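Read through the structure below, which is laid out as structure tokens, and then see the notes.
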Amino acid sequence: MTVTTWIKAARLRTIPLSISGIVVGSAAAFLNNNFNVNVFILAILTTICYQLLSNFANDYGDGVKGTDNEGRLGPKRILQSELITKAQLRQAIFIISGVAVLLTILLVYSAFGLSKTALTFLGLGFFAIVAAIKYTVGSSAYGYKGFGDLFVFLFFGCVSVLGSHYLYTYEFDLSLIFPAFSIGFLSVGVLNANNMRDRENDKQYGKTTIAVRLGPEKAMLYQLVLVVIPIILTAAYGLLHDSITFVVLSAIMGIPIFYHLKNVFQKQNEKNLDSELKKIALLTFIYAISFSLLLIIF
């Protein structure tokens with residue numbers, strides 16, 4: 001076992017997607033002169049820790065249940081490859097959970113001090129930790145019951161954007177629902193592409209994702225809805241704020257999304273979807289950066 005093995009297990013490529021909402025929420029706070037460097041750094045570190053915890057727990061849960069096997073079309077997981085033992089992975093999950101708790105406390109205290117609001121956000125943070133673990137771990141893993149999409153939408157979109165903005169301003173900016181929903185839908189699009197790729201294998205091992213429930217044809221239509229709605233929402237945000245720049249952003253977004261959908265509907269086999277989920281994940285991060293820059297500059 002080497003450092004490289006643990007880095008591979010961490011799946012660092014998922015980090016940009018996880019912090020996309022934080023970037024937008026922080027940019028909106030910066031626009032209103034409410035930005036706090038300490039809160040920003042702690043928010044980023046906490047979110048990264050949640051994502052790493054989710055990745056390790058996902059590897060463990062699917063590995064123990066046998067869902068990660070030779071029939072799975074995605075990259076081979078660490079537990080499946082036998083590069084790390086179950087005991088070592090459980091220990092890593094325990095350690096990361098401890099770090100996540102510590103970072104959550106530091107973040108909330110840095111933002112709110114000792115207050116009732118701090119208790120509310122502590123509860124939200126601890127719920128996020130539990131959700132990261134329970135996605136695939138345990139007999140009641142919600143990822144095996146088709147609720148993964150809902151949790152990704154809420155945490156990667158709504159909580160990430162609106163919650164991070166509240167850390168700085170102590171108020172909810174309802175106009176941020178547009179980018180929050182956009183990032184949420186795109187993040188679910190990443191998950192759905194992953195689930196479409198592994199649909200047959202997941203179905204065999206009782207992992208009833210939305211893609212499994214819908215079947216191949218309807219899952220592709222679901223993907224279309226997930227990635228097209230953000231284009232509409234971004235254009236609507238621009239029109240409501242009399243800003244042509246966001247309308248232009250929505251039009252530019254349409255180009256890679258068109259080719260993504262073309263590849264999804266014309267795929268020769270599910271294995272090809274692996275590259276598509278990576279494209280949407282990268283697009284989501286670029287979207288977050290672009291939206292944030294437009295907020296600040298224009």
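Residue numbers start at 1 in each chain; chains themselves are named A, B, ... in the order of the structure tokens; ligands are numbered from 1 in the order shown.
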Taking only residues of segment 115-224 of chain A that have an atom at most 12 Å from an atom of segment 3-16 of chain A, what is each one's shortest atom pair and its distance in Å to one decimal, using only C-alpha atoms, in chain and number order, as JSON lines?
```
{"residue": "A:Phe156", "atom": "CA", "partner": "A:Pro16", "partner_atom": "CA", "distance": 11.1}
{"residue": "A:Ile183", "atom": "CA", "partner": "A:Pro16", "partner_atom": "CA", "distance": 11.9}
{"residue": "A:Ser187", "atom": "CA", "partner": "A:Thr14", "partner_atom": "CA", "distance": 10.6}
{"residue": "A:Val190", "atom": "CA", "partner": "A:Thr14", "partner_atom": "CA", "distance": 10.2}
{"residue": "A:Leu191", "atom": "CA", "partner": "A:Thr14", "partner_atom": "CA", "distance": 11.2}
```
The selected residues should be written to file as an mmCIF file, in the first residue's frame (atoms: C-alpha atoms).
```cif
data_model
loop_
_atom_site.group_PDB
_atom_site.id
_atom_site.type_symbol
_atom_site.label_atom_id
_atom_site.label_comp_id
_atom_site.auth_asym_id
_atom_site.auth_seq_id
_atom_site.Cartn_x
_atom_site.Cartn_y
_atom_site.Cartn_z
ATOM 1 C CA PHE A 156 -24.185 20.039 -4.200
ATOM 2 C CA ILE A 183 -25.323 23.376 -10.177
ATOM 3 C CA SER A 187 -24.320 17.487 -10.422
ATOM 4 C CA VAL A 190 -22.930 13.584 -13.417
ATOM 5 C CA LEU A 191 -24.440 10.985 -11.079
#
```
With a cut-off of 10 Å, could you pull out the residues of segment 208-247 of chain A touching segment 163-178 of chain A and give me the nearest pair of atoms for each, distance in Å to one decimal, using only C-alpha atoms, ordered by chain and ascending number, as a Markdown table?
```
| residue | atom | partner | partner_atom | distance |
| --- | --- | --- | --- | --- |
| A:Pro230 | CA | A:Phe178 | CA | 8.1 |
| A:Ile232 | CA | A:Phe178 | CA | 9.4 |
| A:Leu233 | CA | A:Phe178 | CA | 5.6 |
| A:Thr234 | CA | A:Phe178 | CA | 6.6 |
| A:Ala235 | CA | A:Phe178 | CA | 9.4 |
| A:Ala236 | CA | A:Phe178 | CA | 8.0 |
| A:Tyr237 | CA | A:Phe178 | CA | 6.4 |
| A:Gly238 | CA | A:Phe178 | CA | 9.9 |
| A:Leu240 | CA | A:Ser175 | CA | 9.2 |
| A:His241 | CA | A:Ser175 | CA | 9.3 |
```
Please list as a ChimeraX atom specification every residue within 10 Å of Pro216 of chain A, counting only C-alpha atoms and excluding residues in the same chain fewer than 3 positions away.
/A:196-197,199-200,211-213,219-222,265,270
Point-to-point distance in Å for atom CA of Val159 of chain A and atom CA of Ile133 of chain A:
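Distance between the two atoms: 17.5 Å.
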Might you pull out every residue within 8 Å of Leu226 of chain A, with only C-alpha atoms counted and same-chain residues fewer than 3 positions away left off, and present them as a list in words?
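So the residues in contact are Phe185, Leu186, Val188, Gly189, Tyr222, Gln223, Ile229 and Pro230 of chain A.
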For Leu154 of chain A, please output as a list in words all residues within 9 Å (counting only C-alpha atoms; exclusion window: fewer than 5 positions along the same chain).
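Once the nearby chain positions are removed, what remains is Asp149, Val159, Ser160, Ala180, Phe181 and Gly184 of chain A.
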As a PyMOL selection string, which residues of segment 20-76 of chain A does DSSP assign to alpha helix (DSSP H)?
chain A and resi 20-31+37-65
Would you kindly return, as a ChimeraX atom specification, each protein, DNA or RNA residue with an atom no farther than 10 Å from any atom of segment 54-65 of chain A, considering only C-alpha atoms and excluding same-chain residues fewer than 4 positions away?
/A:6,9-12,14,48-50,69,76-82,85-87,89-90,92-94,96-97,128-139,141,143-144,202,205-207
Write the residues you've just listed into a file as a compact mmCIF listing (two decimals), in the first residue's frame, and include N, CA and C atoms for each of them.
```
# COMPACT_ATOMS: atom_id res chain seq x y z
N TRP A 6 -3.68 5.53 -1.90
CA TRP A 6 -4.65 6.33 -1.17
C TRP A 6 -5.14 7.51 -2.00
N ALA A 9 -7.68 6.20 -4.26
CA ALA A 9 -8.91 5.94 -3.52
C ALA A 9 -9.69 7.23 -3.25
N ALA A 10 -8.95 8.33 -3.08
CA ALA A 10 -9.59 9.62 -2.78
C ALA A 10 -10.36 10.18 -3.96
N ARG A 11 -10.01 9.75 -5.17
CA ARG A 11 -10.68 10.22 -6.40
C ARG A 11 -10.73 11.76 -6.43
N LEU A 12 -9.55 12.34 -6.51
CA LEU A 12 -9.42 13.79 -6.45
C LEU A 12 -10.14 14.51 -7.58
N THR A 14 -13.06 14.35 -8.30
CA THR A 14 -14.40 14.74 -7.88
C THR A 14 -14.43 16.05 -7.09
N ILE A 48 -14.35 19.70 0.84
CA ILE A 48 -13.43 18.69 0.30
C ILE A 48 -13.40 17.46 1.20
N CYS A 49 -13.40 17.71 2.51
CA CYS A 49 -13.37 16.60 3.47
C CYS A 49 -14.64 15.76 3.35
N TYR A 50 -15.80 16.41 3.20
CA TYR A 50 -17.06 15.69 3.00
C TYR A 50 -16.97 14.82 1.75
N ASN A 69 -17.41 -4.94 -9.07
CA ASN A 69 -16.93 -6.25 -9.51
C ASN A 69 -16.45 -6.14 -10.95
N LYS A 76 -11.81 0.78 -11.92
CA LYS A 76 -11.76 -0.20 -10.85
C LYS A 76 -11.49 0.49 -9.52
N ARG A 77 -12.30 0.17 -8.51
CA ARG A 77 -12.18 0.76 -7.19
C ARG A 77 -11.06 0.09 -6.40
N ILE A 78 -10.64 0.76 -5.34
CA ILE A 78 -9.50 0.31 -4.55
C ILE A 78 -9.78 -0.98 -3.80
N LEU A 79 -10.93 -1.06 -3.14
CA LEU A 79 -11.27 -2.27 -2.39
C LEU A 79 -11.44 -3.45 -3.35
N GLN A 80 -12.07 -3.18 -4.48
CA GLN A 80 -12.25 -4.19 -5.51
C GLN A 80 -10.90 -4.70 -6.03
N SER A 81 -9.93 -3.79 -6.12
CA SER A 81 -8.60 -4.15 -6.62
C SER A 81 -7.75 -4.84 -5.56
N GLU A 82 -8.26 -4.85 -4.31
CA GLU A 82 -7.57 -5.46 -3.17
C GLU A 82 -6.24 -4.75 -2.86
N THR A 85 -7.28 -3.07 2.37
CA THR A 85 -8.18 -4.02 3.02
C THR A 85 -9.41 -3.30 3.56
N LYS A 86 -10.44 -4.08 3.89
CA LYS A 86 -11.65 -3.50 4.45
C LYS A 86 -11.35 -2.78 5.76
N ALA A 87 -10.50 -3.39 6.58
CA ALA A 87 -10.15 -2.79 7.87
C ALA A 87 -9.45 -1.45 7.69
N LEU A 89 -9.70 0.56 5.10
CA LEU A 89 -10.65 1.53 4.56
C LEU A 89 -11.61 2.01 5.65
N ARG A 90 -12.04 1.11 6.53
CA ARG A 90 -12.89 1.51 7.65
C ARG A 90 -12.16 2.50 8.56
N ALA A 92 -9.77 4.54 7.65
CA ALA A 92 -9.67 5.81 6.91
C ALA A 92 -10.98 6.58 7.01
N ILE A 93 -12.10 5.88 6.89
CA ILE A 93 -13.41 6.52 6.99
C ILE A 93 -13.59 7.13 8.38
N PHE A 94 -13.15 6.41 9.42
CA PHE A 94 -13.25 6.91 10.80
C PHE A 94 -12.41 8.17 10.98
N ILE A 96 -11.29 10.32 8.62
CA ILE A 96 -11.82 11.43 7.83
C ILE A 96 -13.09 11.98 8.47
N SER A 97 -13.90 11.12 9.04
CA SER A 97 -15.11 11.57 9.73
C SER A 97 -14.74 12.50 10.89
N ALA A 128 -24.68 16.14 6.90
CA ALA A 128 -23.93 15.95 5.67
C ALA A 128 -22.90 14.83 5.82
N ILE A 129 -22.29 14.75 7.00
CA ILE A 129 -21.31 13.69 7.27
C ILE A 129 -21.98 12.31 7.24
N VAL A 130 -23.13 12.22 7.91
CA VAL A 130 -23.88 10.96 7.92
C VAL A 130 -24.33 10.60 6.51
N ALA A 131 -24.81 11.60 5.75
CA ALA A 131 -25.27 11.36 4.39
C ALA A 131 -24.14 10.87 3.50
N ALA A 132 -22.94 11.41 3.71
CA ALA A 132 -21.78 10.99 2.91
C ALA A 132 -21.47 9.52 3.12
N ILE A 133 -21.67 9.06 4.36
CA ILE A 133 -21.37 7.66 4.68
C ILE A 133 -22.50 6.74 4.25
N LYS A 134 -23.75 7.17 4.50
CA LYS A 134 -24.89 6.29 4.30
C LYS A 134 -25.32 6.15 2.84
N TYR A 135 -24.62 6.81 1.93
CA TYR A 135 -24.97 6.70 0.51
C TYR A 135 -24.91 5.24 0.06
N THR A 136 -23.86 4.54 0.42
CA THR A 136 -23.76 3.13 0.03
C THR A 136 -23.49 2.19 1.20
N VAL A 137 -23.21 2.73 2.38
CA VAL A 137 -22.84 1.89 3.53
C VAL A 137 -24.08 1.51 4.34
N GLY A 138 -24.15 0.25 4.70
CA GLY A 138 -25.23 -0.23 5.55
C GLY A 138 -26.42 -0.78 4.78
N SER A 139 -27.30 -1.47 5.51
CA SER A 139 -28.46 -2.10 4.88
C SER A 139 -29.49 -1.08 4.41
N ALA A 141 -28.72 1.90 3.04
CA ALA A 141 -28.02 2.87 2.17
C ALA A 141 -29.00 3.49 1.17
N GLY A 143 -28.49 5.30 -1.43
CA GLY A 143 -28.08 5.21 -2.82
C GLY A 143 -28.60 3.96 -3.50
N TYR A 144 -28.91 2.95 -2.70
CA TYR A 144 -29.44 1.69 -3.22
C TYR A 144 -30.97 1.72 -3.35
N ASP A 202 -25.60 -2.59 -11.55
CA ASP A 202 -26.29 -2.14 -10.35
C ASP A 202 -27.60 -2.90 -10.16
N TYR A 205 -27.16 -6.29 -8.63
CA TYR A 205 -26.77 -6.34 -7.23
C TYR A 205 -27.69 -5.53 -6.32
N GLY A 206 -28.86 -5.20 -6.82
CA GLY A 206 -29.87 -4.57 -5.98
C GLY A 206 -29.68 -3.10 -5.72
N LYS A 207 -28.84 -2.44 -6.51
CA LYS A 207 -28.66 -1.00 -6.37
C LYS A 207 -29.66 -0.31 -7.30
```
Tell me which of A:Ile289, A:Val248, A:Leu114, A:Ile44 sits closest to Pro179 of chain A, counting only C-alpha atoms.
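Result for the nearest residue to Pro179 of chain A: A:Ile289.
Distances from A:Leu150, A:Val161, A:Leu295, A:Leu249 to Thr209 of chain A were compared using only C-alpha atoms, and the smallest one belongs to A:Leu150.
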Interatomic distance between atom CA of Ile95 of chain A and atom CA of Thr47 of chain A?
15.6 Å
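Atom CA of Gln266 of chain A to atom CA of Glu217 of chain A spans 11.4 Å [interatomic distance, one decimal].
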From the options A:Val99, A:Leu162, A:Lys218, A:Gly254, which residue's atoms come nearest to Ala28 of chain A, counting only C-alpha atoms?
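Closest to Ala28 of chain A of all the choices is A:Leu162.
Proximity ranking of A:Ile231, A:Ile84, A:Val24, A:Leu45 relative to Thr2 of chain A places A:Ile84 first, based on only C-alpha atoms.
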